[in-house]
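Asks: Sharing entry.cif (mmCIF, C-alpha atoms and all ligand atoms) below.
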data_upload
#
loop_
_atom_site.label_atom_id
_atom_site.label_comp_id
_atom_site.auth_asym_id
_atom_site.auth_seq_id
_atom_site.Cartn_x
_atom_site.Cartn_y
_atom_site.Cartn_z
CA MET N 54 -107.79 -113.53 23.36
CA LEU N 55 -107.50 -111.37 20.27
CA ASN N 56 -104.80 -109.34 21.93
CA THR N 57 -102.63 -112.42 22.09
CA TYR N 58 -102.17 -111.99 18.39
CA LEU N 59 -101.77 -108.27 18.28
CA GLY N 60 -98.11 -108.31 19.23
CA LEU N 61 -97.12 -110.76 16.55
CA GLY N 62 -96.84 -108.26 13.72
CA SER N 63 -97.39 -109.66 10.28
CA SER N 64 -96.84 -113.26 11.43
CA ARG N 65 -100.25 -113.20 13.12
CA PHE N 66 -101.79 -113.18 9.66
CA TRP N 67 -100.40 -116.63 9.05
CA LEU N 68 -102.69 -117.73 11.80
CA LEU N 69 -105.77 -116.33 10.18
CA GLY N 70 -106.21 -119.26 7.80
CA LEU N 71 -106.01 -121.64 10.73
CA MET N 72 -108.40 -119.57 12.79
CA ALA N 73 -110.82 -119.48 9.87
CA LEU N 74 -110.81 -123.24 9.79
CA VAL N 75 -111.43 -123.45 13.52
CA ALA N 76 -114.25 -120.94 13.27
CA SER N 77 -115.87 -122.88 10.47
CA CYS N 78 -115.65 -126.27 12.23
CA GLY N 79 -119.11 -127.74 12.46
CA GLY N 80 -120.36 -125.12 10.05
CA GLU N 81 -121.53 -127.60 7.41
CA ASN N 82 -124.87 -128.04 9.10
CA ASP N 83 -127.05 -126.69 6.34
CA GLY N 84 -130.47 -128.25 6.55
CA ASP N 85 -129.94 -129.83 9.99
CA LEU N 86 -130.67 -126.58 11.79
CA PRO N 87 -134.10 -126.20 13.29
CA GLN N 88 -136.37 -123.81 11.41
CA GLY N 89 -136.77 -120.59 13.29
CA GLN N 90 -133.16 -120.34 14.42
CA LEU N 91 -132.06 -116.72 14.61
CA TYR N 92 -128.89 -115.90 12.68
CA VAL N 93 -127.10 -112.89 14.13
CA ILE N 94 -124.79 -110.99 11.79
CA LYS N 95 -122.51 -108.67 13.72
CA PHE N 96 -121.15 -106.06 11.32
CA PRO N 97 -118.76 -103.53 12.86
CA HIS N 98 -117.17 -100.79 10.78
CA VAL N 99 -115.17 -97.65 11.39
CA THR N 100 -116.89 -94.82 9.50
CA ALA N 101 -119.81 -92.61 10.51
CA PRO N 102 -123.43 -93.66 9.78
CA GLY N 103 -123.79 -91.01 7.05
CA THR N 104 -120.86 -92.23 4.94
CA PRO N 105 -121.28 -94.46 1.89
CA LYS N 106 -120.34 -97.50 3.98
CA GLY N 107 -122.50 -96.40 6.91
CA GLN N 108 -125.58 -95.90 4.74
CA THR N 109 -125.12 -99.11 2.78
CA ALA N 110 -124.58 -101.20 5.91
CA ALA N 111 -127.73 -99.72 7.46
CA ARG N 112 -129.69 -100.52 4.32
CA PHE N 113 -128.42 -104.10 4.45
CA GLU N 114 -129.72 -104.35 8.01
CA ASP N 115 -133.15 -102.98 7.03
CA LEU N 116 -133.62 -105.16 3.96
CA ALA N 117 -132.23 -108.36 5.50
CA GLU N 118 -134.40 -108.10 8.62
CA ALA N 119 -137.50 -107.20 6.58
CA ARG N 120 -136.99 -110.21 4.33
CA PHE N 121 -136.20 -112.68 7.13
CA PRO N 122 -138.17 -111.47 10.17
CA GLY N 123 -137.19 -113.42 13.27
CA ARG N 124 -134.57 -115.37 11.34
CA VAL N 125 -131.88 -112.79 10.60
CA ASP N 126 -130.71 -110.10 12.98
CA VAL N 127 -128.10 -107.71 11.59
CA GLU N 128 -126.24 -105.64 14.20
CA VAL N 129 -124.33 -102.79 12.58
CA TYR N 130 -121.78 -101.00 14.79
CA PRO N 131 -120.51 -97.83 13.04
CA SER N 132 -117.74 -95.37 13.99
CA SER N 133 -115.27 -97.95 15.45
CA GLN N 134 -117.79 -98.44 18.33
CA LEU N 135 -117.05 -102.13 18.60
CA MET N 136 -113.50 -102.44 17.24
CA ASN N 137 -111.05 -101.06 14.72
CA ASP N 138 -110.44 -102.58 11.29
CA ASP N 139 -107.36 -104.54 12.25
CA ASP N 140 -109.19 -106.24 15.10
CA SER N 141 -112.20 -106.88 12.89
CA LEU N 142 -110.05 -108.89 10.47
CA GLU N 143 -109.08 -111.21 13.30
CA ALA N 144 -112.56 -111.29 14.81
CA LEU N 145 -114.07 -112.35 11.48
CA ALA N 146 -111.54 -115.13 11.07
CA PHE N 147 -112.31 -116.29 14.64
CA GLY N 148 -116.04 -116.23 13.89
CA GLU N 149 -116.68 -113.63 16.60
CA ILE N 150 -118.29 -111.31 14.07
CA GLN N 151 -119.90 -112.28 10.80
CA MET N 152 -119.44 -109.43 8.30
CA ILE N 153 -116.92 -106.69 7.58
CA ALA N 154 -116.39 -103.96 5.00
CA VAL N 155 -112.72 -103.13 5.45
CA SER N 156 -110.69 -100.92 3.15
CA LEU N 157 -108.88 -102.94 0.47
CA SER N 158 -105.63 -101.27 1.56
CA LYS N 159 -105.81 -102.99 4.94
CA PHE N 160 -105.55 -106.51 3.48
CA ASP N 161 -102.02 -105.66 2.48
CA ARG N 162 -100.30 -108.29 4.60
CA LEU N 163 -102.64 -111.04 3.43
CA THR N 164 -102.30 -110.53 -0.31
CA GLU N 165 -100.16 -108.42 -2.58
CA LYS N 166 -102.88 -108.44 -5.25
CA PHE N 167 -105.06 -105.89 -3.45
CA GLN N 168 -102.14 -103.45 -3.62
CA ILE N 169 -103.41 -102.75 -7.12
CA PHE N 170 -106.08 -100.51 -5.55
CA ASP N 171 -103.45 -98.36 -3.81
CA LEU N 172 -101.23 -97.57 -6.79
CA PRO N 173 -101.31 -93.78 -7.10
CA PHE N 174 -103.05 -92.31 -10.15
CA LEU N 175 -103.75 -95.77 -11.57
CA PHE N 176 -107.50 -95.32 -11.99
CA SER N 177 -108.60 -92.14 -13.68
CA ASP N 178 -111.97 -92.12 -11.87
CA LEU N 179 -114.51 -94.21 -10.00
CA GLU N 180 -116.11 -95.51 -13.21
CA SER N 181 -112.75 -97.00 -14.20
CA VAL N 182 -112.44 -98.71 -10.82
CA GLU N 183 -115.94 -100.07 -11.29
CA ARG N 184 -115.15 -101.43 -14.76
CA PHE N 185 -112.07 -103.17 -13.37
CA GLN N 186 -113.93 -104.64 -10.38
CA ALA N 187 -116.69 -105.93 -12.66
CA SER N 188 -114.20 -107.54 -15.09
CA PRO N 189 -113.35 -111.26 -14.78
CA THR N 190 -109.93 -110.32 -13.34
CA GLY N 191 -111.51 -107.98 -10.81
CA LYS N 192 -114.17 -110.50 -9.77
CA MET N 193 -111.49 -113.12 -9.13
CA LEU N 194 -110.14 -110.89 -6.37
CA LEU N 195 -113.32 -111.45 -4.36
CA THR N 196 -112.27 -115.01 -3.61
CA GLU N 197 -108.56 -114.29 -3.31
CA LEU N 198 -108.61 -114.58 0.49
CA VAL N 199 -110.99 -117.48 1.09
CA ASP N 200 -108.20 -119.65 2.51
CA ASN N 201 -107.38 -116.89 4.96
CA GLY N 202 -110.96 -116.75 6.19
CA PHE N 203 -112.43 -113.94 4.07
CA LEU N 204 -115.03 -114.60 1.40
CA GLY N 205 -115.56 -111.40 -0.56
CA LEU N 206 -119.19 -110.84 -1.56
CA ALA N 207 -118.85 -107.39 -3.13
CA PHE N 208 -116.69 -104.34 -3.60
CA TRP N 209 -118.11 -101.19 -2.05
CA HIS N 210 -116.85 -97.74 -2.99
CA ASN N 211 -116.09 -94.86 -0.80
CA GLY N 212 -114.45 -92.60 -3.37
CA MET N 213 -111.26 -90.98 -4.57
CA LYS N 214 -108.73 -89.70 -2.02
CA GLN N 215 -107.53 -86.14 -1.45
CA PHE N 216 -104.67 -84.87 0.69
CA GLY N 217 -105.15 -82.73 3.79
CA ALA N 218 -102.27 -80.74 5.28
CA PRO N 219 -101.36 -77.75 7.46
CA ARG N 220 -100.23 -75.84 4.36
CA ALA N 221 -101.21 -75.73 0.71
CA LEU N 222 -99.47 -78.50 -1.22
CA ARG N 223 -99.22 -77.42 -4.84
CA THR N 224 -96.15 -79.47 -5.67
CA PRO N 225 -94.85 -82.73 -4.16
CA GLU N 226 -91.92 -80.72 -2.76
CA ASP N 227 -94.41 -78.85 -0.58
CA ALA N 228 -95.05 -82.14 1.24
CA ASN N 229 -91.42 -82.52 2.19
CA GLY N 230 -90.93 -83.36 5.87
CA LEU N 231 -94.63 -83.67 6.74
CA LYS N 232 -95.81 -86.65 8.81
CA PHE N 233 -98.69 -88.33 6.98
CA ARG N 234 -101.19 -90.69 8.56
CA ILE N 235 -101.79 -93.61 6.21
CA MET N 236 -103.79 -96.84 6.25
CA GLU N 237 -101.98 -100.15 6.82
CA SER N 238 -100.49 -100.44 3.35
CA ASP N 239 -96.91 -100.66 2.12
CA VAL N 240 -97.89 -99.05 -1.19
CA LEU N 241 -99.27 -96.03 0.64
CA GLN N 242 -96.10 -95.95 2.71
CA ALA N 243 -93.99 -95.86 -0.47
CA GLN N 244 -96.29 -93.24 -1.96
CA VAL N 245 -95.71 -90.86 0.95
CA GLN N 246 -91.98 -91.53 0.92
CA ALA N 247 -91.94 -90.73 -2.81
CA ILE N 248 -93.08 -87.18 -2.02
CA GLY N 249 -90.61 -86.73 0.83
CA GLY N 250 -93.14 -87.25 3.62
CA SER N 251 -92.89 -89.47 6.65
CA PRO N 252 -95.67 -92.12 6.67
CA GLN N 253 -97.32 -93.37 9.85
CA LYS N 254 -99.76 -96.27 9.76
CA MET N 255 -102.62 -95.61 12.12
CA ALA N 256 -106.18 -96.80 12.79
CA PHE N 257 -108.91 -94.55 11.41
CA GLY N 258 -110.42 -93.86 14.83
CA GLU N 259 -107.18 -92.28 16.02
CA VAL N 260 -106.65 -89.87 13.14
CA TYR N 261 -108.59 -86.83 14.37
CA GLN N 262 -106.74 -86.68 17.65
CA ALA N 263 -103.38 -87.34 15.99
CA LEU N 264 -103.98 -84.38 13.68
CA GLN N 265 -105.21 -82.22 16.52
CA THR N 266 -102.22 -82.91 18.76
CA GLY N 267 -99.70 -82.73 15.94
CA ALA N 268 -98.71 -86.41 16.24
CA VAL N 269 -99.21 -86.31 12.46
CA ASP N 270 -99.45 -83.28 10.19
CA ALA N 271 -101.25 -84.58 7.14
CA GLN N 272 -103.48 -87.35 5.83
CA GLU N 273 -105.24 -88.65 2.75
CA ASN N 274 -108.89 -89.61 2.58
CA THR N 275 -112.14 -89.14 0.71
CA TRP N 276 -114.33 -86.04 0.95
CA SER N 277 -116.85 -88.14 2.82
CA ASN N 278 -114.43 -89.37 5.48
CA ILE N 279 -112.77 -85.96 5.81
CA TYR N 280 -116.15 -84.32 6.35
CA SER N 281 -117.89 -86.93 8.53
CA SER N 282 -114.86 -87.45 10.79
CA LYS N 283 -114.26 -83.70 10.99
CA PHE N 284 -110.65 -83.91 9.84
CA TYR N 285 -111.21 -80.57 8.13
CA GLU N 286 -111.38 -78.88 11.54
CA VAL N 287 -107.70 -79.72 11.97
CA GLN N 288 -106.57 -79.61 8.33
CA PRO N 289 -106.56 -76.03 7.06
CA TYR N 290 -105.83 -77.15 3.47
CA LEU N 291 -107.42 -79.91 1.42
CA MET N 292 -105.84 -80.64 -1.95
CA GLU N 293 -108.16 -81.94 -4.67
CA THR N 294 -105.81 -84.54 -6.15
CA ASN N 295 -108.04 -87.61 -6.64
CA HIS N 296 -104.75 -89.49 -6.51
CA GLY N 297 -106.04 -92.84 -5.27
CA TYR N 298 -109.05 -95.03 -4.63
CA LEU N 299 -110.63 -95.94 -1.29
CA GLY N 300 -113.00 -98.88 -1.43
CA TYR N 301 -113.94 -101.91 0.63
CA LEU N 302 -114.14 -105.66 0.48
CA LEU N 303 -117.50 -106.69 1.90
CA ALA N 304 -116.53 -110.03 3.37
CA VAL N 305 -117.90 -112.85 5.49
CA ASN N 306 -116.35 -115.85 7.18
CA PRO N 307 -116.67 -118.65 4.56
CA GLY N 308 -117.58 -121.24 7.22
CA PHE N 309 -120.36 -119.06 8.61
CA TRP N 310 -121.70 -118.26 5.15
CA GLY N 311 -121.70 -121.95 4.20
CA SER N 312 -123.58 -122.80 7.41
CA LEU N 313 -126.58 -120.60 6.55
CA PRO N 314 -129.69 -122.30 5.21
CA ASP N 315 -129.79 -121.98 1.42
CA ASP N 316 -132.82 -119.70 1.35
CA ILE N 317 -131.22 -117.22 3.74
CA ARG N 318 -127.84 -117.25 2.01
CA ASP N 319 -129.42 -116.80 -1.44
CA GLY N 320 -131.71 -114.07 -0.17
CA LEU N 321 -128.89 -112.19 1.52
CA GLU N 322 -126.77 -112.44 -1.62
CA GLU N 323 -129.62 -110.94 -3.63
CA ILE N 324 -129.92 -108.11 -1.12
CA ILE N 325 -126.17 -107.54 -1.22
CA ALA N 326 -126.22 -107.26 -5.03
CA GLU N 327 -129.03 -104.70 -4.75
CA ILE N 328 -127.49 -102.59 -2.00
CA THR N 329 -124.05 -102.66 -3.62
CA GLU N 330 -125.47 -101.02 -6.72
CA TRP N 331 -127.42 -98.56 -4.59
CA GLY N 332 -124.52 -97.79 -2.25
CA ASN N 333 -121.96 -97.37 -5.01
CA ALA N 334 -124.23 -94.86 -6.71
CA ARG N 335 -124.87 -93.11 -3.36
CA SER N 336 -121.10 -92.90 -2.73
CA VAL N 337 -120.71 -90.51 -5.65
CA ALA N 338 -123.51 -88.25 -4.42
CA ILE N 339 -122.32 -88.33 -0.79
CA ASN N 340 -118.77 -87.39 -1.74
CA GLU N 341 -120.05 -84.56 -3.95
CA GLU N 342 -122.28 -83.25 -1.18
CA ASP N 343 -119.49 -83.44 1.39
CA ARG N 344 -117.02 -81.74 -0.95
CA SER N 345 -119.45 -78.90 -1.35
CA LYS N 346 -119.98 -78.61 2.43
CA LEU N 347 -116.21 -78.52 2.90
CA GLY N 348 -115.97 -75.88 0.18
CA SER N 349 -118.27 -73.60 2.13
CA SER N 350 -116.67 -74.26 5.53
CA ASP N 351 -114.56 -71.49 7.01
CA ARG N 352 -112.41 -74.08 8.83
CA THR N 353 -110.59 -75.24 5.71
CA ASN N 354 -109.62 -74.32 2.15
CA ILE N 355 -109.93 -76.54 -0.89
CA VAL N 356 -106.92 -76.18 -3.17
CA THR N 357 -107.57 -77.15 -6.77
CA LEU N 358 -104.52 -78.00 -8.83
CA SER N 359 -103.83 -77.21 -12.47
CA ASP N 360 -103.26 -80.05 -14.94
CA GLN N 361 -99.58 -79.16 -14.94
CA GLU N 362 -99.41 -79.34 -11.14
CA LEU N 363 -101.16 -82.70 -11.14
CA ILE N 364 -98.63 -84.05 -13.62
CA GLY N 365 -95.94 -83.08 -11.11
CA TRP N 366 -97.62 -85.30 -8.47
CA GLN N 367 -98.05 -88.16 -10.93
CA ASP N 368 -94.38 -87.99 -11.91
CA ALA N 369 -93.24 -87.94 -8.30
CA MET N 370 -95.34 -90.98 -7.37
CA ARG N 371 -94.78 -92.99 -10.52
CA PRO N 372 -91.72 -94.89 -9.15
CA VAL N 373 -94.11 -96.59 -6.70
CA TRP N 374 -95.56 -98.55 -9.62
CA GLU N 375 -92.17 -99.99 -10.56
CA GLN N 376 -91.46 -100.75 -6.92
CA PHE N 377 -94.57 -102.95 -6.54
CA SER N 378 -95.19 -104.14 -10.08
CA GLU N 379 -93.44 -107.50 -9.61
CA ASP N 380 -95.40 -108.27 -6.42
CA ILE N 381 -98.78 -107.20 -7.76
CA GLY N 382 -98.19 -108.76 -11.16
CA PRO N 383 -97.79 -106.82 -14.41
CA GLN N 384 -100.87 -108.53 -15.87
CA LEU N 385 -103.08 -107.33 -13.05
CA ILE N 386 -101.74 -103.82 -13.46
CA GLU N 387 -102.42 -103.98 -17.20
CA ALA N 388 -105.98 -105.21 -16.60
CA ALA N 389 -106.56 -102.30 -14.23
CA ARG N 390 -105.02 -99.75 -16.57
CA SER N 391 -107.11 -100.96 -19.47
CA SER N 392 -110.26 -100.13 -17.54
CA ASN N 393 -109.46 -96.43 -17.92
CA PRO N 394 -111.22 -94.69 -20.82
C1 LIG Y 1 -109.22 -95.21 6.68
O1 LIG Y 1 -108.68 -95.88 7.57
O2 LIG Y 1 -108.86 -94.08 6.38
C2 LIG Y 1 -110.40 -95.81 5.95
O3 LIG Y 1 -110.15 -97.15 5.72
C3 LIG Y 1 -111.64 -95.63 6.72
C4 LIG Y 1 -112.80 -96.25 5.98
O4 LIG Y 1 -113.21 -97.33 6.34
O5 LIG Y 1 -113.26 -95.61 5.04
#
So, in terms of structure tokens, how does the structure I just supplied come out?
Ligand code: LMR

Replies:
Amino acid sequence: MLNTYLGLGSSRFWLLGLMALVASCGGENDGDLPQGQLYVIKFPHVTAPGTPKGQTAARFEDLAEARFPGRVDVEVYPSSQLMNDDDSLEALAFGEIQMIAVSLSKFDRLTEKFQIFDLPFLFSDLESVERFQASPTGKMLLTELVDNGFLGLAFWHNGMKQFGAPRALRTPEDANGLKFRIMESDVLQAQVQAIGGSPQKMAFGEVYQALQTGAVDAQENTWSNIYSSKFYEVQPYLMETNHGYLGYLLAVNPGFWGSLPDDIRDGLEEIIAEITEWGNARSVAINEEDRSKLGSSDRTNIVTLSDQELIGWQDAMRPVWEQFSEDIGPQLIEAARSSNP
């Protein structure tokens, strides 16, 4: 049934609000449900178990099941085992799964506001992203997509993105003509075009093979994803640019969430607050560890850029801001910028 919608391009997203309503029909049964009912939370995601998202999702499973034995069963499916991110957006809106942590970039067709997270070189580091997400403006984004069937409960970090390529990219001109895999985001598409590359939107689970077969030449991702998905085996050069942020919206179907008994919902929200803090701190350590493993691998080379070289990349990508500023909203951009030190 999901495939019915796959061919509809962006118009299928108009249907998500409707599907969310259908999925939530009969969901206002708080209190009427017999005690002892088992609530199953299916939580598929696309990264490996050892990544920030993988570890935090597993911790959610452990803590939720320990707190509500026999009442809550969390089923985490890592590594795109169950479905890719695009399909998980639809499945959540249909009520076929109950929880997702999908990259903010991939909500592009549902809201222009999340494009803020893709603007190149907007956030100077992860702490700045965190300040923005914790600000009143940032927190408002959690509920931005409720009408579309996504209630955001938290922002989870992965980390800052780096480029990988078949040759060392010291200047944006070096990227000229390369085919870059990107996530489903028009900002990322414009970013690659700004450096003379050819962007190709592609699901995460397909990237390794696409790099290996030469369907794409280059990609951008965090140290953690590059290491755990072995992209480094097929990317001889990794450029330490920290040019963008990769983080997730931890989201549930609002109808499902509203249908949970109060004690379970409150308890799970407490656990989510706890694991978000834990996972976001872990994300820094995991990315550092994976960067260091990549640094000692003989399959790839980490290219560090001088301040002057980095300014060249910032200048080349800067027009992307102007291109999207009207859609995102200048005030939102200002709020994000002001979170930098
Ligand atoms: C990607 O597609 O590169 C990322 O969204 C994967 C992830 O979930 O970190």

Asks: Restrict the calculation to all atoms listed in the file, then for each residue of segment 85-115 of chain N with any atom at most 8 Å from an atom of segment 327-346 of chain N give the closest atom pair and their distance in Å to one decimal, rows by chain and rising residue number, as CSV.

Replies:
residue,atom,partner,partner_atom,distance
N:Thr104,CA,N:Ile339,CA,7.1
N:Pro105,CA,N:Ser336,CA,4.9
N:Lys106,CA,N:Gly332,CA,7.5
N:Gln108,CA,N:Gly332,CA,7.3
N:Thr109,CA,N:Gly332,CA,5.2
N:Arg112,CA,N:Ile328,CA,7.0
N:Phe113,CA,N:Ile328,CA,6.7

Asks: Taking only C-alpha atoms and all ligand atoms and a cut-off of 7 Å, can you tell me which residues surround ligand LIG 1 (chain Y), written as number ranges by chain?

Replies: N: 98-100, 155-156, 211, 236, 256-257, 274, 278, 299

Asks: Measure the distance from atom CA of Pro131 of chain N to atom CA of Phe170 of chain N in Å and round it to one decimal.

Replies: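 Between atom CA of Pro131 of chain N and atom CA of Phe170 of chain N the gap works out to 23.7 Å.
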
Asks: Need to verify the contact set: Val93 of chain N, 8 Å, only C-alpha atoms, exclusion of same-chain residues closer than 6 positions in sequence. Can you return it as a PDB file with C-alpha atoms, keeping the file's coordinate frame?

Replies:
ATOM      1  CA  VAL N 125    -131.880-112.790  10.600  1.00  0.00           C
ATOM      2  CA  ASP N 126    -130.710-110.100  12.980  1.00  0.00           C
ATOM      3  CA  VAL N 127    -128.100-107.710  11.590  1.00  0.00           C
ATOM      4  CA  GLU N 128    -126.240-105.640  14.200  1.00  0.00           C
ATOM      5  CA  GLN N 151    -119.900-112.280  10.800  1.00  0.00           C
TER       6      GLN N 151
END

Asks: So the first atom is atom CA of Thr164 of chain N and the second is atom CA of Ser281 of chain N; what is the distance between them in Å, to one decimal place?

Replies: 29.6 Å

Asks: Which distance in Å separates atom CA of Asp360 of chain N and atom CA of Arg390 of chain N, to one decimal?

Replies: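 Distance reported for this atom pair: 19.8 Å.
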
Asks: Could you check which residues have any atom within 10 Å of (-120.4, -109.4, -0.6), counting all atoms listed in the file with coordinates taken straight from the file, and then list them as a PyMOL selection string?

Replies: chain N and resi 152-154+195+204-209+301-305+321-326+328-329
